[in-house]
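This is model.pdb. It holds PDB, C-alpha atoms.
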ATOM      1  CA  MET A1261      -3.882 -18.643  18.027  1.00  0.00           C
ATOM      2  CA  ALA A1262      -5.670 -21.369  16.087  1.00  0.00           C
ATOM      3  CA  TRP A1263      -9.350 -22.152  15.934  1.00  0.00           C
ATOM      4  CA  HIS A1264     -11.192 -25.104  14.463  1.00  0.00           C
ATOM      5  CA  THR A1265     -14.308 -23.534  12.994  1.00  0.00           C
ATOM      6  CA  GLY A1266     -16.444 -26.634  13.088  1.00  0.00           C
ATOM      7  CA  GLN A1267     -16.663 -26.925  16.845  1.00  0.00           C
ATOM      8  CA  PHE A1268     -18.839 -23.814  17.097  1.00  0.00           C
ATOM      9  CA  ALA A1269     -20.947 -24.094  13.917  1.00  0.00           C
ATOM     10  CA  VAL A1270     -23.937 -25.925  15.401  1.00  0.00           C
ATOM     11  CA  SER A1271     -23.843 -25.034  19.074  1.00  0.00           C
ATOM     12  CA  LEU A1272     -24.246 -21.278  18.574  1.00  0.00           C
ATOM     13  CA  ALA A1273     -27.179 -21.398  16.180  1.00  0.00           C
ATOM     14  CA  GLY A1274     -30.032 -19.417  17.747  1.00  0.00           C
ATOM     15  CA  MET A1275     -28.141 -18.673  20.952  1.00  0.00           C
ATOM     16  CA  THR A1276     -28.150 -15.326  22.747  1.00  0.00           C
ATOM     17  CA  PRO A1277     -24.782 -13.584  22.403  1.00  0.00           C
ATOM     18  CA  PRO A1278     -22.643 -14.237  25.486  1.00  0.00           C
ATOM     19  CA  SER A1279     -21.477 -11.386  27.679  1.00  0.00           C
ATOM     20  CA  PRO A1280     -17.782 -11.014  26.849  1.00  0.00           C
ATOM     21  CA  GLU A1281     -15.372 -10.921  29.762  1.00  0.00           C
ATOM     22  CA  GLY A1282     -13.091  -8.521  27.930  1.00  0.00           C
ATOM     23  CA  PHE A1283     -13.670  -5.032  26.569  1.00  0.00           C
ATOM     24  CA  VAL A1284     -14.931  -5.251  22.995  1.00  0.00           C
ATOM     25  CA  VAL A1285     -14.560  -2.418  20.487  1.00  0.00           C
ATOM     26  CA  ALA A1286     -16.665  -2.949  17.346  1.00  0.00           C
ATOM     27  CA  ILE A1287     -15.805  -1.098  14.134  1.00  0.00           C
ATOM     28  CA  ASP A1288     -18.087  -1.433  11.120  1.00  0.00           C
ATOM     29  CA  GLY A1289     -18.396   0.224   7.733  1.00  0.00           C
ATOM     30  CA  PRO A1290     -18.220  -0.402   3.986  1.00  0.00           C
ATOM     31  CA  ALA A1291     -15.076  -1.323   2.049  1.00  0.00           C
ATOM     32  CA  GLY A1292     -12.367   1.304   1.739  1.00  0.00           C
ATOM     33  CA  VAL A1293     -13.206   3.465   4.754  1.00  0.00           C
ATOM     34  CA  GLY A1294     -10.013   2.441   6.556  1.00  0.00           C
ATOM     35  CA  LYS A1295     -11.494  -0.031   9.040  1.00  0.00           C
ATOM     36  CA  SER A1296      -8.561  -2.435   9.070  1.00  0.00           C
ATOM     37  CA  THR A1297      -5.952   0.313   9.414  1.00  0.00           C
ATOM     38  CA  ALA A1298      -7.924   2.031  12.165  1.00  0.00           C
ATOM     39  CA  ALA A1299      -8.722  -1.185  14.018  1.00  0.00           C
ATOM     40  CA  ARG A1300      -5.161  -2.450  13.851  1.00  0.00           C
ATOM     41  CA  GLY A1301      -3.797   0.896  15.028  1.00  0.00           C
ATOM     42  CA  LEU A1302      -6.338   1.211  17.814  1.00  0.00           C
ATOM     43  CA  ALA A1303      -5.614  -2.301  19.064  1.00  0.00           C
ATOM     44  CA  GLN A1304      -1.906  -1.504  19.161  1.00  0.00           C
ATOM     45  CA  ARG A1305      -2.549   1.800  20.926  1.00  0.00           C
ATOM     46  CA  LEU A1306      -4.711   0.163  23.595  1.00  0.00           C
ATOM     47  CA  GLY A1307      -2.800  -3.105  23.873  1.00  0.00           C
ATOM     48  CA  TYR A1308      -5.860  -5.075  22.721  1.00  0.00           C
ATOM     49  CA  THR A1309      -6.116  -8.071  20.390  1.00  0.00           C
ATOM     50  CA  PHE A1310      -6.999  -7.166  16.792  1.00  0.00           C
ATOM     51  CA  LEU A1311      -9.738  -9.351  15.305  1.00  0.00           C
ATOM     52  CA  ASP A1312      -9.969  -9.006  11.521  1.00  0.00           C
ATOM     53  CA  THR A1313     -13.337 -10.636  10.876  1.00  0.00           C
ATOM     54  CA  GLY A1314     -13.058  -9.913   7.169  1.00  0.00           C
ATOM     55  CA  ALA A1315      -9.986 -12.131   6.967  1.00  0.00           C
ATOM     56  CA  LEU A1316     -12.107 -15.059   8.134  1.00  0.00           C
ATOM     57  CA  TYR A1317     -14.571 -14.678   5.265  1.00  0.00           C
ATOM     58  CA  ARG A1318     -11.760 -14.083   2.807  1.00  0.00           C
ATOM     59  CA  ALA A1319     -10.096 -17.289   4.000  1.00  0.00           C
ATOM     60  CA  VAL A1320     -13.304 -19.241   3.393  1.00  0.00           C
ATOM     61  CA  ALA A1321     -13.673 -17.725  -0.095  1.00  0.00           C
ATOM     62  CA  LEU A1322     -10.074 -18.525  -1.022  1.00  0.00           C
ATOM     63  CA  VAL A1323     -10.151 -22.109   0.227  1.00  0.00           C
ATOM     64  CA  ALA A1324     -13.513 -22.652  -1.469  1.00  0.00           C
ATOM     65  CA  ARG A1325     -12.105 -21.509  -4.791  1.00  0.00           C
ATOM     66  CA  GLU A1326      -9.046 -23.727  -4.397  1.00  0.00           C
ATOM     67  CA  ARG A1327     -11.250 -26.716  -3.579  1.00  0.00           C
ATOM     68  CA  GLN A1328     -13.722 -25.855  -6.354  1.00  0.00           C
ATOM     69  CA  VAL A1329     -16.657 -25.195  -4.031  1.00  0.00           C
ATOM     70  CA  SER A1330     -18.994 -22.576  -5.469  1.00  0.00           C
ATOM     71  CA  TRP A1331     -19.274 -19.316  -3.512  1.00  0.00           C
ATOM     72  CA  ASP A1332     -23.068 -19.742  -3.733  1.00  0.00           C
ATOM     73  CA  ASP A1333     -23.146 -23.338  -2.455  1.00  0.00           C
ATOM     74  CA  GLY A1334     -24.386 -22.933   1.108  1.00  0.00           C
ATOM     75  CA  PRO A1335     -24.333 -26.613   2.163  1.00  0.00           C
ATOM     76  CA  GLY A1336     -20.967 -27.164   0.481  1.00  0.00           C
ATOM     77  CA  LEU A1337     -19.438 -24.125   2.159  1.00  0.00           C
ATOM     78  CA  GLY A1338     -20.934 -25.139   5.486  1.00  0.00           C
ATOM     79  CA  GLN A1339     -19.196 -28.492   5.209  1.00  0.00           C
ATOM     80  CA  LEU A1340     -15.948 -26.772   4.219  1.00  0.00           C
ATOM     81  CA  VAL A1341     -16.122 -24.396   7.185  1.00  0.00           C
ATOM     82  CA  SER A1342     -16.825 -27.243   9.615  1.00  0.00           C
ATOM     83  CA  GLY A1343     -13.421 -28.758   8.882  1.00  0.00           C
ATOM     84  CA  LEU A1344     -11.355 -25.635   8.270  1.00  0.00           C
ATOM     85  CA  VAL A1345      -8.687 -24.568  10.768  1.00  0.00           C
ATOM     86  CA  ILE A1346      -7.958 -20.836  10.619  1.00  0.00           C
ATOM     87  CA  SER A1347      -4.891 -19.540  12.455  1.00  0.00           C
ATOM     88  CA  PHE A1348      -3.561 -16.051  13.133  1.00  0.00           C
ATOM     89  CA  MET A1349       0.176 -15.750  13.719  1.00  0.00           C
ATOM     90  CA  ARG A1350       2.000 -12.604  14.830  1.00  0.00           C
ATOM     91  CA  ASP A1351       4.950 -11.647  12.628  1.00  0.00           C
ATOM     92  CA  GLY A1352       6.532  -8.543  14.124  1.00  0.00           C
ATOM     93  CA  ASP A1353       3.959  -5.761  13.703  1.00  0.00           C
ATOM     94  CA  HIS A1354       1.934  -7.840  11.256  1.00  0.00           C
ATOM     95  CA  ILE A1355      -0.568 -10.665  11.600  1.00  0.00           C
ATOM     96  CA  ARG A1356      -0.279 -13.623   9.236  1.00  0.00           C
ATOM     97  CA  VAL A1357      -3.410 -15.598   8.325  1.00  0.00           C
ATOM     98  CA  LEU A1358      -3.144 -19.363   7.872  1.00  0.00           C
ATOM     99  CA  ALA A1359      -5.698 -21.890   6.655  1.00  0.00           C
ATOM    100  CA  ASP A1360      -4.978 -25.498   7.585  1.00  0.00           C
ATOM    101  CA  GLY A1361      -1.386 -24.441   8.276  1.00  0.00           C
ATOM    102  CA  HIS A1362      -0.806 -22.670   4.934  1.00  0.00           C
ATOM    103  CA  ASP A1363      -0.009 -18.945   4.899  1.00  0.00           C
ATOM    104  CA  ILE A1364      -2.717 -17.216   2.857  1.00  0.00           C
ATOM    105  CA  THR A1365      -2.141 -13.646   4.062  1.00  0.00           C
ATOM    106  CA  ASP A1366      -1.383 -12.184   0.641  1.00  0.00           C
ATOM    107  CA  LYS A1367      -3.722 -14.388  -1.371  1.00  0.00           C
ATOM    108  CA  ILE A1368      -6.854 -13.332   0.499  1.00  0.00           C
ATOM    109  CA  ARG A1369      -6.293  -9.667  -0.443  1.00  0.00           C
ATOM    110  CA  ALA A1370      -6.726 -10.272  -4.189  1.00  0.00           C
ATOM    111  CA  PRO A1371      -9.684  -8.336  -5.686  1.00  0.00           C
ATOM    112  CA  GLU A1372     -11.521 -11.494  -6.746  1.00  0.00           C
ATOM    113  CA  ILE A1373     -11.316 -12.845  -3.199  1.00  0.00           C
ATOM    114  CA  SER A1374     -12.808  -9.578  -1.919  1.00  0.00           C
ATOM    115  CA  ASP A1375     -15.797 -10.290  -4.144  1.00  0.00           C
ATOM    116  CA  GLY A1376     -15.875 -13.904  -2.995  1.00  0.00           C
ATOM    117  CA  SER A1377     -15.827 -12.966   0.683  1.00  0.00           C
ATOM    118  CA  SER A1378     -18.791 -10.649   0.132  1.00  0.00           C
ATOM    119  CA  ARG A1379     -20.693 -13.478  -1.551  1.00  0.00           C
ATOM    120  CA  VAL A1380     -19.963 -16.215   0.987  1.00  0.00           C
ATOM    121  CA  SER A1381     -20.755 -13.833   3.846  1.00  0.00           C
ATOM    122  CA  THR A1382     -24.404 -13.743   2.735  1.00  0.00           C
ATOM    123  CA  LEU A1383     -24.829 -17.452   3.497  1.00  0.00           C
ATOM    124  CA  PRO A1384     -26.103 -18.542   6.939  1.00  0.00           C
ATOM    125  CA  GLU A1385     -23.994 -21.721   6.871  1.00  0.00           C
ATOM    126  CA  VAL A1386     -20.833 -19.615   6.664  1.00  0.00           C
ATOM    127  CA  ARG A1387     -21.885 -16.886   9.075  1.00  0.00           C
ATOM    128  CA  MET A1388     -22.946 -19.328  11.787  1.00  0.00           C
ATOM    129  CA  GLY A1389     -19.795 -21.366  11.294  1.00  0.00           C
ATOM    130  CA  LEU A1390     -17.613 -18.323  11.920  1.00  0.00           C
ATOM    131  CA  LEU A1391     -19.713 -16.542  14.529  1.00  0.00           C
ATOM    132  CA  GLY A1392     -18.702 -18.744  17.417  1.00  0.00           C
ATOM    133  CA  LEU A1393     -14.951 -18.419  17.080  1.00  0.00           C
ATOM    134  CA  GLN A1394     -15.218 -14.614  16.968  1.00  0.00           C
ATOM    135  CA  ARG A1395     -17.141 -14.593  20.242  1.00  0.00           C
ATOM    136  CA  GLN A1396     -14.836 -17.201  21.718  1.00  0.00           C
ATOM    137  CA  LEU A1397     -11.832 -14.919  21.360  1.00  0.00           C
ATOM    138  CA  ALA A1398     -13.678 -11.944  22.845  1.00  0.00           C
ATOM    139  CA  SER A1399     -14.621 -14.001  25.907  1.00  0.00           C
ATOM    140  CA  THR A1400     -10.973 -14.258  26.953  1.00  0.00           C
ATOM    141  CA  ALA A1401      -9.370 -10.984  25.826  1.00  0.00           C
ATOM    142  CA  ASP A1402      -9.910  -7.285  25.173  1.00  0.00           C
ATOM    143  CA  VAL A1403     -10.444  -7.023  21.418  1.00  0.00           C
ATOM    144  CA  VAL A1404     -10.868  -4.538  18.611  1.00  0.00           C
ATOM    145  CA  ALA A1405     -12.999  -6.207  15.942  1.00  0.00           C
ATOM    146  CA  GLU A1406     -13.776  -4.806  12.508  1.00  0.00           C
ATOM    147  CA  GLY A1407     -16.190  -5.903   9.831  1.00  0.00           C
ATOM    148  CA  ARG A1408     -19.687  -5.181   8.562  1.00  0.00           C
ATOM    149  CA  ASP A1409     -21.947  -6.583  11.272  1.00  0.00           C
ATOM    150  CA  VAL A1410     -19.640  -6.593  14.278  1.00  0.00           C
ATOM    151  CA  GLY A1411     -21.636  -4.080  16.294  1.00  0.00           C
ATOM    152  CA  THR A1412     -25.059  -5.291  15.162  1.00  0.00           C
ATOM    153  CA  VAL A1413     -24.762  -9.094  15.160  1.00  0.00           C
ATOM    154  CA  VAL A1414     -21.425 -10.488  16.312  1.00  0.00           C
ATOM    155  CA  PHE A1415     -20.966  -8.248  19.364  1.00  0.00           C
ATOM    156  CA  PRO A1416     -24.254  -6.386  19.918  1.00  0.00           C
ATOM    157  CA  ASN A1417     -23.204  -5.787  23.533  1.00  0.00           C
ATOM    158  CA  ALA A1418     -19.794  -4.314  22.652  1.00  0.00           C
ATOM    159  CA  ARG A1419     -18.728  -1.576  25.061  1.00  0.00           C
ATOM    160  CA  ALA A1420     -17.675   0.778  22.242  1.00  0.00           C
ATOM    161  CA  LYS A1421     -19.057   0.863  18.704  1.00  0.00           C
ATOM    162  CA  PHE A1422     -17.963   2.877  15.687  1.00  0.00           C
ATOM    163  CA  PHE A1423     -19.286   3.093  12.137  1.00  0.00           C
ATOM    164  CA  LEU A1424     -16.806   4.524   9.645  1.00  0.00           C
ATOM    165  CA  ILE A1425     -17.939   6.164   6.417  1.00  0.00           C
ATOM    166  CA  ALA A1426     -16.293   7.952   3.484  1.00  0.00           C
ATOM    167  CA  SER A1427     -17.397   9.041   0.018  1.00  0.00           C
ATOM    168  CA  LEU A1428     -17.423   6.354  -2.671  1.00  0.00           C
ATOM    169  CA  ASP A1429     -14.807   8.219  -4.720  1.00  0.00           C
ATOM    170  CA  THR A1430     -12.495   8.472  -1.705  1.00  0.00           C
ATOM    171  CA  ARG A1431     -12.889   4.802  -0.900  1.00  0.00           C
ATOM    172  CA  ALA A1432     -12.262   3.724  -4.482  1.00  0.00           C
ATOM    173  CA  ARG A1433      -9.128   5.867  -4.745  1.00  0.00           C
ATOM    174  CA  ARG A1434      -7.784   4.437  -1.493  1.00  0.00           C
ATOM    175  CA  ARG A1435      -8.386   0.859  -2.592  1.00  0.00           C
ATOM    176  CA  THR A1436      -6.832   1.483  -6.024  1.00  0.00           C
ATOM    177  CA  LEU A1437      -3.672   2.952  -4.488  1.00  0.00           C
ATOM    178  CA  GLU A1438      -3.525   0.092  -1.993  1.00  0.00           C
ATOM    179  CA  LEU A1439      -3.676  -2.509  -4.749  1.00  0.00           C
ATOM    180  CA  GLN A1440      -1.151  -0.678  -6.927  1.00  0.00           C
ATOM    181  CA  ALA A1441       1.246  -0.391  -3.977  1.00  0.00           C
ATOM    182  CA  LYS A1442       1.127  -4.182  -3.714  1.00  0.00           C
ATOM    183  CA  GLY A1443       2.038  -4.538  -7.380  1.00  0.00           C
ATOM    184  CA  ARG A1444      -1.434  -5.513  -8.540  1.00  0.00           C
ATOM    185  CA  PRO A1445      -2.850  -3.836 -11.659  1.00  0.00           C
ATOM    186  CA  ALA A1446      -5.884  -1.763 -10.709  1.00  0.00           C
ATOM    187  CA  GLN A1447      -7.888   0.902 -12.507  1.00  0.00           C
ATOM    188  CA  LEU A1448      -9.939   3.430 -10.554  1.00  0.00           C
ATOM    189  CA  ALA A1449     -13.066   3.010 -12.701  1.00  0.00           C
ATOM    190  CA  GLU A1450     -13.050  -0.770 -12.282  1.00  0.00           C
ATOM    191  CA  VAL A1451     -12.431  -0.598  -8.539  1.00  0.00           C
ATOM    192  CA  LEU A1452     -15.228   1.957  -8.141  1.00  0.00           C
ATOM    193  CA  ALA A1453     -17.682  -0.208 -10.081  1.00  0.00           C
ATOM    194  CA  GLU A1454     -16.776  -3.311  -8.060  1.00  0.00           C
ATOM    195  CA  MET A1455     -17.132  -1.347  -4.831  1.00  0.00           C
ATOM    196  CA  GLN A1456     -20.617  -0.172  -5.790  1.00  0.00           C
ATOM    197  CA  ILE A1457     -21.684  -3.770  -6.429  1.00  0.00           C
ATOM    198  CA  ARG A1458     -20.238  -4.923  -3.127  1.00  0.00           C
ATOM    199  CA  ASP A1459     -21.855  -2.056  -1.219  1.00  0.00           C
ATOM    200  CA  GLU A1460     -25.268  -2.970  -2.616  1.00  0.00           C
ATOM    201  CA  ARG A1461     -24.755  -6.666  -1.849  1.00  0.00           C
ATOM    202  CA  ASP A1462     -23.635  -5.975   1.723  1.00  0.00           C
ATOM    203  CA  ARG A1463     -26.509  -3.588   2.451  1.00  0.00           C
ATOM    204  CA  SER A1464     -29.272  -5.634   0.837  1.00  0.00           C
ATOM    205  CA  ARG A1465     -28.425  -9.149   2.001  1.00  0.00           C
ATOM    206  CA  ALA A1466     -31.158 -10.735   4.101  1.00  0.00           C
ATOM    207  CA  LEU A1467     -28.797 -12.010   6.774  1.00  0.00           C
ATOM    208  CA  ALA A1468     -26.829  -9.470   8.852  1.00  0.00           C
ATOM    209  CA  PRO A1469     -26.849  -6.579   6.354  1.00  0.00           C
ATOM    210  CA  LEU A1470     -24.383  -3.728   6.622  1.00  0.00           C
ATOM    211  CA  ARG A1471     -25.889  -0.977   8.775  1.00  0.00           C
ATOM    212  CA  ARG A1472     -24.910   1.335  11.600  1.00  0.00           C
ATOM    213  CA  ALA A1473     -25.827   0.108  15.068  1.00  0.00           C
ATOM    214  CA  ASP A1474     -28.116   2.528  16.869  1.00  0.00           C
ATOM    215  CA  ASP A1475     -25.500   3.109  19.571  1.00  0.00           C
ATOM    216  CA  ALA A1476     -22.489   3.390  17.237  1.00  0.00           C
ATOM    217  CA  LEU A1477     -20.545   6.619  16.803  1.00  0.00           C
ATOM    218  CA  GLU A1478     -20.282   7.516  13.107  1.00  0.00           C
ATOM    219  CA  ILE A1479     -16.938   8.896  11.899  1.00  0.00           C
ATOM    220  CA  ASP A1480     -16.424  10.259   8.389  1.00  0.00           C
ATOM    221  CA  THR A1481     -12.838   9.385   7.454  1.00  0.00           C
ATOM    222  CA  SER A1482     -12.861  11.161   4.077  1.00  0.00           C
ATOM    223  CA  LEU A1483     -10.714  14.081   5.263  1.00  0.00           C
ATOM    224  CA  LEU A1484      -9.022  12.444   8.232  1.00  0.00           C
ATOM    225  CA  THR A1485      -5.660  10.719   8.477  1.00  0.00           C
ATOM    226  CA  PRO A1486      -5.578   7.209   9.974  1.00  0.00           C
ATOM    227  CA  GLU A1487      -3.885   8.657  13.056  1.00  0.00           C
ATOM    228  CA  GLN A1488      -6.690  11.174  13.544  1.00  0.00           C
ATOM    229  CA  VAL A1489      -9.299   8.419  13.305  1.00  0.00           C
ATOM    230  CA  ILE A1490      -7.414   6.331  15.854  1.00  0.00           C
ATOM    231  CA  ASP A1491      -7.036   9.339  18.181  1.00  0.00           C
ATOM    232  CA  ARG A1492     -10.789   9.931  18.124  1.00  0.00           C
ATOM    233  CA  MET A1493     -11.666   6.315  18.805  1.00  0.00           C
ATOM    234  CA  ALA A1494      -9.046   5.932  21.545  1.00  0.00           C
ATOM    235  CA  GLU A1495     -10.458   9.015  23.296  1.00  0.00           C
ATOM    236  CA  VAL A1496     -13.944   7.496  23.279  1.00  0.00           C
ATOM    237  CA  VAL A1497     -12.805   4.031  24.453  1.00  0.00           C
ATOM    238  CA  ARG A1498     -10.765   5.466  27.306  1.00  0.00           C
ATOM    239  CA  GLY A1499     -13.714   7.594  28.319  1.00  0.00           C
ATOM    240  CA  LEU A1500     -15.712   4.390  28.649  1.00  0.00           C
ATOM    241  CA  GLY A1501     -13.072   2.811  30.857  1.00  0.00           C
ATOM    242  CA  GLY A1502     -11.336   0.759  28.174  1.00  0.00           C
TER     243      GLY A1502
END

Produce structure tokens that represent the structure in this file.
Amino acid sequence: MAWHTGQFAVSLAGMTPPSPEGFVVAIDGPAGVGKSTAARGLAQRLGYTFLDTGALYRAVALVARERQVSWDDGPGLGQLVSGLVISFMRDGDHIRVLADGHDITDKIRAPEISDGSSRVSTLPEVRMGLLGLQRQLASTADVVAEGRDVGTVVFPNARAKFFLIASLDTRARRRTLELQAKGRPAQLAEVLAEMQIRDERDRSRALAPLRRADDALEIDTSLLTPEQVIDRMAEVVRGLGG
């Protein structure tokens, strides 16, 4: 699937969220709680499309850095987003992310890009530019979407909403092991400090801050395996007719 981000950037500004035709599952929470693993596993379990909203912001941050556009330059990033084509390509059990035809799947997972995605996501020019294509996909398919404002802003009418939490120490250890497994040098203390900064930025930003939707089910993943988290969510979705 390929989307041209610019075609939705202006038309959705100020619009009421559309009523999706498909069944939307929204999963939110801070970094390191296991959102991507849970969302990907749940989508596979249910036969839904997995929508990694974080990958969209990471793609913008990466391309901006490569094109020397500051992560704080709202107008510049808005112009970048208006011409950026983001594609998702299935590769066996994995999803590859492409920007303007170039595979950026591994690059967008670098720690500095995580920081960049958090920064660009605070800007209205970026959020509005990416909002439309997320809703566009959900209007034609059953989706499991994960992020930080999926259940509050992107899909406020989602049929099922979850908010995953875990202790900061647990999240930092998970992220450190994840980075080390990919061959990237990572120290627990540094990852923990970076995570604290990102948490504060995500919760305090003026536009679409990280928070639990009033109708979201909170799940503490600290002592649960990914499979147990997926089992719990699948039970809830099926109970709702998904």

For this session: Select, counting all atoms listed in the file, all protein, DNA and RNA residues no farther than 8 Å from (-8.4, -7.5, 14.4) in file coordinates, and express the selection as a ChimeraX atom specification.
Result: /A:1296,1299-1300,1303,1309-1313,1403-1406

For this session: Using the chain letters and numbering of this document, enumerate as a list in words the residues selected by the PyMOL selection byres ((chain A and resi 1376) around 9).
Result: Tyr1317, Arg1318, Val1320, Ala1321, Leu1322, Arg1325, Trp1331, Pro1371, Glu1372, Ile1373, Ser1374, Asp1375, Ser1377, Ser1378, Arg1379, Val1380 and Ser1381 of chain A

Would you put the residues from that selection into a file with C-alpha atoms, as a short mmCIF file (atom, residue, chain, number, x, y, z; two decimals), in the coordinates of the input?
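Output file again-v3.cif is given in full below:
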data_model
loop_
_atom_site.label_atom_id
_atom_site.label_comp_id
_atom_site.auth_asym_id
_atom_site.auth_seq_id
_atom_site.Cartn_x
_atom_site.Cartn_y
_atom_site.Cartn_z
CA TYR A 1317 -14.57 -14.68 5.26
CA ARG A 1318 -11.76 -14.08 2.81
CA VAL A 1320 -13.30 -19.24 3.39
CA ALA A 1321 -13.67 -17.73 -0.10
CA LEU A 1322 -10.07 -18.52 -1.02
CA ARG A 1325 -12.10 -21.51 -4.79
CA TRP A 1331 -19.27 -19.32 -3.51
CA PRO A 1371 -9.68 -8.34 -5.69
CA GLU A 1372 -11.52 -11.49 -6.75
CA ILE A 1373 -11.32 -12.84 -3.20
CA SER A 1374 -12.81 -9.58 -1.92
CA ASP A 1375 -15.80 -10.29 -4.14
CA SER A 1377 -15.83 -12.97 0.68
CA SER A 1378 -18.79 -10.65 0.13
CA ARG A 1379 -20.69 -13.48 -1.55
CA VAL A 1380 -19.96 -16.22 0.99
CA SER A 1381 -20.76 -13.83 3.85
#

Seminar exercise, completed: Separating CA of Val1496 (chain A) from CA of Ala1426 (chain A), to the nearest tenth of an Å, is a gap of 19.9 Å

Exercise. How would you write as a PyMOL selection string the residues that get within 10 Å of (-3.7, 8.8, 10.8) in the file's frame, counting all atoms listed in the file?
Worked result: chain A and resi 1294+1297-1298+1301+1481+1484-1491

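Proximity of A:Gly1307, A:Gly1289, A:Pro1384, A:Gly1352 to Thr1412 (chain A), computed with only C-alpha atoms, is greatest for A:Gly1289.
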
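When all atoms listed in the file are used to measure the gap to Thr1430 (chain A), the shortest distance among A:Leu1383, A:Val1293, A:Ala1315, A:Leu1337 belongs to A:Val1293.
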
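CA of Ser1347 (chain A) sits 25.7 Å away from CA of Leu1467 (chain A).
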
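Of the residues under consideration (A:Ala1291, A:Leu1302, A:Arg1356, A:Arg1461), A:Leu1302 shows the shortest atom-to-atom contact distance to Met1493 (chain A) when counting all atoms listed in the file.
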
Calculate, to one decimal in Å, the centre and edge lengths of the box along x, y and z of the file that holds all listed atoms of region 1453-1468 of chain A with 8 Å of margin on each side, and present them as AutoDock Vina command-line options.
--center_x -24.0 --center_y -6.1 --center_z -0.6 --size_x 30.4 --size_y 27.8 --size_z 34.9

Please identify all polymer residues within 12 Å of Arg1433 (chain A), counting all atoms listed in the file, omitting same-chain residues fewer than 5 positions from it, and present them as a PDB file with C-alpha atoms, keeping the file's coordinate frame.
ATOM      1  CA  ALA A1291     -15.076  -1.323   2.049  1.00  0.00           C
ATOM      2  CA  GLY A1292     -12.367   1.304   1.739  1.00  0.00           C
ATOM      3  CA  VAL A1293     -13.206   3.465   4.754  1.00  0.00           C
ATOM      4  CA  GLY A1294     -10.013   2.441   6.556  1.00  0.00           C
ATOM      5  CA  ALA A1426     -16.293   7.952   3.484  1.00  0.00           C
ATOM      6  CA  SER A1427     -17.397   9.041   0.018  1.00  0.00           C
ATOM      7  CA  LEU A1428     -17.423   6.354  -2.671  1.00  0.00           C
ATOM      8  CA  GLU A1438      -3.525   0.092  -1.993  1.00  0.00           C
ATOM      9  CA  LEU A1439      -3.676  -2.509  -4.749  1.00  0.00           C
ATOM     10  CA  GLN A1440      -1.151  -0.678  -6.927  1.00  0.00           C
ATOM     11  CA  ALA A1446      -5.884  -1.763 -10.709  1.00  0.00           C
ATOM     12  CA  GLN A1447      -7.888   0.902 -12.507  1.00  0.00           C
ATOM     13  CA  LEU A1448      -9.939   3.430 -10.554  1.00  0.00           C
ATOM     14  CA  ALA A1449     -13.066   3.010 -12.701  1.00  0.00           C
ATOM     15  CA  GLU A1450     -13.050  -0.770 -12.282  1.00  0.00           C
ATOM     16  CA  VAL A1451     -12.431  -0.598  -8.539  1.00  0.00           C
ATOM     17  CA  LEU A1452     -15.228   1.957  -8.141  1.00  0.00           C
ATOM     18  CA  ALA A1453     -17.682  -0.208 -10.081  1.00  0.00           C
ATOM     19  CA  MET A1455     -17.132  -1.347  -4.831  1.00  0.00           C
ATOM     20  CA  SER A1482     -12.861  11.161   4.077  1.00  0.00           C
TER      21      SER A1482
END

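The residue set within 9 Å of Gly1411 (chain A), counting all atoms listed in the file and dropping same-chain residues fewer than 4 places from it, reads Val1285, Ala1286, Ile1287, Asp1288, Ala1405, Glu1406, Gly1407, Phe1415, Pro1416, Asn1417, Ala1418, Ala1420, Lys1421, Phe1422, Phe1423, Arg1472, Ala1473, Asp1475 and Ala1476 of chain A.
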
Exercise. Of the candidates A:Arg1431, A:Gly1336, A:Leu1306, A:Ile1364, which one gets nearest to Leu1483 (chain A) if we count all atoms listed in the file?
Worked result: A:Arg1431

For this session: Considering only C-alpha atoms, state which residue in the set A:Arg1465, A:His1362, A:Arg1434, A:Arg1395 is at the smallest distance from Arg1408 (chain A).
Result: A:Arg1465

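Going from CA of Ala1319 (chain A) over to CA of Ala1359 (chain A), you cover 6.9 Å.
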